[in-house]
Amino acid sequence: MTAETEEAEWARLMLRIRDDRDAEAFAALFREFAPRVKAFLMRSGSTATVAEECTQDVMATLWQKAGLFDPTRASVTTWVFTIARNRRIDTIRRARRPEPEDLAWGPEAEPEAAEIVERQQETDRLGRAIAQLPPNQRALIERAYFGDLSHSEIAAETGLPLGTIKSRIRLALDRLRHQMT
Amino acid sequence: MKHMTITHHLSDDLLMAYSAGALPEALSLVVATHVSMCPDCRAALAAHDAVGGAVLGTCGEAELAPDSLEKTLARIAAARPETPRPKRDDSLPGPLADYVGGSLSQVKWRALAGGVKQAVVPTDRGATARLLYIQGGVAVPDHGHRGVELTLVLQGAFRDETGRFGPGDIEVASDDLEHKPVAEHGPACICLAATEAPLRFAGLIPRLMQPLFRI
Ligand SMILES: [Zn+2]
């Protein structure tokens with residue numbers, strides 16, 4: 001199975017959780033994502049014990065907040081990342097994380113299947129773009145998202161996000177803008 | 001809060017730092033509030049979040065505890081319903097409303113010098129946030145600052161050396177920009193401001209008052 005169809009499959013599982021509260025779909029996503037979340041948290045500096053606790057918390061949140069998942073706005077991987085990041089701030093840094101409120105998007109259009117596929121593929125394309133970066137640039141991006149760099153360190157690395165990542169972000173942005181207006 | 005024309009936006013490094021979870025709470029609050037008002041920055045943030053997703057997707061897998069799934073299901077079963085948020089009206093964007101009791105009318109203002117009021121918004125250390133109320137035509141005291149200062153206009157408008165800032169606009173000032181914001185004539189200008197380090201006023205008397213007012 002290629003990564004692109006994997007993301008599409010995860011989105012289908014996520015929708016079954018969201019719409020049908022499907023426990024089997026949850027168990028399947030748990031097998032895919034819990035080990036990644038735990039690895040992500042350990043790369044962020046957590047001990048295995050704390051990372052395990054926090055991972056369970058993240059996956060429980062995925063179930064509880066499933067109603068907020070919108071496959072036209074984020075891939076499942078991206079959505080899981082935002083939950084893991086927020087739990088990391090909450091439980092490990094013990095700080096509050098103010099979150100944006102949803103904008104009124106105007107009349108709710110029926111999402112197009114193509115949009116959903118596009119969104120689910122974005123993460124994979126970004127992943128490949130990151131993998132192709134020179135090692136030091138790649139390490140910087142990773143460290144930033146593992147929570148290893150402070151804001152001023154991120155700001156000091158001007159040009160971050162770099163090169164291909166930047167053009168990927170631009171593309172993702174243009175598509176999102178187009179979709180949101 | 002709809003159909004505003006926003007011309008001053010968040011910088012890429014702030015969006016990335018917010019997406020990565022690297023900002024102190026006060027700066028996060030200003031970013032989240034601007035994003036709540038601005039479709040452009042919301043789209044940009046979604047793209048930065050997608051980079052985070054890609055990093056999560058490529059960082060490998062760690063071995064779980066054998067009973068990890070069971071424990072997670074037990075957590076779900078034991079979860080208590082979320083405590084309801086304070087009642088909000090739409091005088092303030094959601095993330096900010098949550099910090100000040102739900103509405104602009106709940107803000108407890110404290111008068112500073114003539115025509116300026118402020119209310120400190122409690123956040124954790126590392127940066128401070130406050131609401132500013134500046135009467136039309138009145139200047140905010142001259143100040144320089146270390147680190148980043150974010151000023152988001154909620155109502156009214158101000159001008160300084162770098163341009164005009166109306167509702168939804170955010171000024172990102174860093175290091176030693178000495179600027180002199182003046183509220184436009186007309187209705188008062190209400191802003192949410194956050195600074196990484198305490199401000200220092202350029203004038204002597206305001207500097208003496210600084211500890212008193214915690215500005
Ligand atoms: Zn913006």
# chains A, B, ... in the order shown; residues from 1 in each chain; ligands from 1
$ closest_atom_pairs --of "chain A" --to "chain B" --cutoff "6 Å" --atoms "only C-alpha atoms" --output "CSV"
residue,atom,partner,partner_atom,distance
A:Pro35,CA,B:Glu61,CA,4.6
A:Arg36,CA,B:Glu61,CA,4.5
A:Lys38,CA,B:Ala62,CA,5.7
A:Ala39,CA,B:Ala62,CA,4.7
A:Gln56,CA,B:Thr72,CA,5.0
A:Ala60,CA,B:Ile76,CA,5.5
A:Thr77,CA,B:Gly53,CA,5.1
A:Thr78,CA,B:Gly53,CA,3.8
A:Phe81,CA,B:Gly53,CA,5.2
A:Pro98,CA,B:Leu29,CA,5.4
A:Glu99,CA,B:Ala32,CA,5.5
A:Pro100,CA,B:Ala32,CA,4.5
A:Glu101,CA,B:Ser36,CA,5.3
A:Thr123,CA,B:Ala54,CA,5.2
A:Leu126,CA,B:Ala54,CA,5.9
A:Gly127,CA,B:Ala54,CA,4.5
A:Tyr145,CA,B:Ala20,CA,4.6
A:Ser150,CA,B:Ala22,CA,5.4
A:His151,CA,B:Ala22,CA,5.5
A:Ala155,CA,B:Asp13,CA,5.4
A:Ile169,CA,B:Ala47,CA,5.7
A:Ala172,CA,B:Ala47,CA,5.8
A:Leu173,CA,B:Ala44,CA,5.6
A:Leu176,CA,B:Ala43,CA,5.7
A:Arg177,CA,B:Ala43,CA,5.9
$ residues_around --residues "Glu24 (chain A)" --least-positions-apart "3" --cutoff "12 Å" --atoms "only C-alpha atoms" --output "JSON, numbers by chain"
{"A": [13, 14, 16, 17, 20, 21, 27, 28, 29, 30, 31, 63], "B": [69, 73]}
$ atom_distance --atom1 "CA of Ala188 (chain B)" --atom2 "CA of Gly168 (chain B)"
15.0 Å
$ atom_distance --atom1 "CA of Glu7 (chain A)" --atom2 "CA of Asp124 (chain A)"
8.1 Å
$ residues_around --residues "Gly45 (chain A)" --least-positions-apart "2" --cutoff "12 Å" --atoms "only C-alpha atoms" --output "PyMOL selection string"
chain A and resi 38-43+47-51+88+92-93+143+145-149
$ residues_around --residues "Ala97 (chain B)" --least-positions-apart "3" --cutoff "10 Å" --atoms "only C-alpha atoms" --output "short mmCIF file (atom, residue, chain, number, x, y, z; two decimals) with N, CA, C and O atoms, in the first residue's frame"
data_model
loop_
_atom_site.label_atom_id
_atom_site.label_comp_id
_atom_site.auth_asym_id
_atom_site.auth_seq_id
_atom_site.Cartn_x
_atom_site.Cartn_y
_atom_site.Cartn_z
N THR B 33 -5.83 34.54 18.78
CA THR B 33 -6.89 35.54 18.60
C THR B 33 -6.86 36.11 17.18
O THR B 33 -7.89 36.25 16.53
N ARG B 85 -17.51 26.24 29.20
CA ARG B 85 -16.79 27.50 29.17
C ARG B 85 -17.66 28.61 29.70
O ARG B 85 -18.89 28.48 29.72
N PRO B 86 -17.03 29.71 30.16
CA PRO B 86 -17.87 30.85 30.56
C PRO B 86 -18.71 31.31 29.37
O PRO B 86 -18.29 31.17 28.22
N LYS B 87 -19.88 31.81 29.68
CA LYS B 87 -20.75 32.32 28.61
C LYS B 87 -20.05 33.45 27.87
O LYS B 87 -19.51 34.35 28.48
N ARG B 88 -20.07 33.39 26.55
CA ARG B 88 -19.44 34.45 25.76
C ARG B 88 -20.49 35.19 24.95
O ARG B 88 -21.45 34.59 24.49
N ASP B 89 -20.26 36.49 24.74
CA ASP B 89 -21.00 37.13 23.66
C ASP B 89 -19.99 37.29 22.52
O ASP B 89 -18.89 36.76 22.60
N ASP B 90 -20.34 38.01 21.45
CA ASP B 90 -19.36 38.08 20.38
C ASP B 90 -18.60 39.40 20.36
O ASP B 90 -18.16 39.87 19.33
N SER B 91 -18.44 40.01 21.56
CA SER B 91 -17.66 41.24 21.63
C SER B 91 -16.17 40.98 21.47
O SER B 91 -15.41 41.89 21.14
N LEU B 92 -15.74 39.75 21.75
CA LEU B 92 -14.32 39.40 21.63
C LEU B 92 -14.19 38.04 20.93
O LEU B 92 -15.04 37.19 21.10
N PRO B 93 -13.08 37.84 20.20
CA PRO B 93 -12.85 36.51 19.62
C PRO B 93 -12.72 35.45 20.72
O PRO B 93 -12.24 35.75 21.81
N GLY B 94 -13.13 34.23 20.41
CA GLY B 94 -13.23 33.16 21.39
C GLY B 94 -12.06 32.96 22.33
O GLY B 94 -12.24 32.95 23.55
N VAL B 100 -10.99 36.40 29.74
CA VAL B 100 -11.44 37.60 30.47
C VAL B 100 -12.88 37.49 30.92
O VAL B 100 -13.54 38.50 31.15
N GLY B 101 -13.38 36.26 31.05
CA GLY B 101 -14.72 36.11 31.61
C GLY B 101 -15.83 36.17 30.57
O GLY B 101 -16.98 36.35 30.90
N GLY B 102 -15.46 36.06 29.28
CA GLY B 102 -16.48 35.84 28.25
C GLY B 102 -16.85 37.06 27.43
O GLY B 102 -17.46 36.91 26.38
N SER B 103 -16.48 38.26 27.89
CA SER B 103 -17.00 39.43 27.18
C SER B 103 -16.19 40.68 27.51
O SER B 103 -15.59 40.79 28.59
N LEU B 104 -16.18 41.62 26.59
CA LEU B 104 -15.47 42.89 26.79
C LEU B 104 -16.02 43.64 28.01
O LEU B 104 -15.28 44.32 28.72
N GLN B 106 -16.82 42.44 30.75
CA GLN B 106 -16.31 41.84 31.99
C GLN B 106 -14.90 42.33 32.33
O GLN B 106 -14.40 42.04 33.41
N VAL B 107 -14.25 43.02 31.40
CA VAL B 107 -12.85 43.42 31.61
C VAL B 107 -12.77 44.47 32.71
O VAL B 107 -13.52 45.43 32.72
#
$ closest_residue --among "B:Glu149, B:Glu196, B:Glu171, B:Glu82" --to "ligand 1" --atoms "only C-alpha atoms and all ligand atoms"
B:Glu171
$ select_by_dssp --residues "region 75-131 of chain B" --states "helix (DSSP H, G or I)" --output "JSON, numbers by chain"
{"B": [75, 76, 77, 78, 94, 95, 96, 97, 98, 99, 104, 105, 106]}
$ select_by_dssp --residues "region 22-211 of chain B" --states "strand (DSSP E)" --output "NGL selection string"
:B and (110-111 or 116-121 or 128-134 or 143-144 or 148-155 or 158-160 or 163-165 or 170-174 or 182-183 or 189-195 or 200-201)
$ closest_residue --among "A:Arg125, A:Glu52, A:Gln64, A:Glu157" --to "Leu140 (chain A)" --atoms "only C-alpha atoms"
A:Glu157
$ closest_residue --among "B:Pro84, B:Val153, B:Asp67, B:Asp160" --to "ligand 1" --atoms "only C-alpha atoms and all ligand atoms"
B:Val153
$ closest_residue --among "B:Thr162, B:Gln155, B:Gln118, B:Thr195" --to "Val140 (chain B)" --atoms "only C-alpha atoms"
B:Gln118
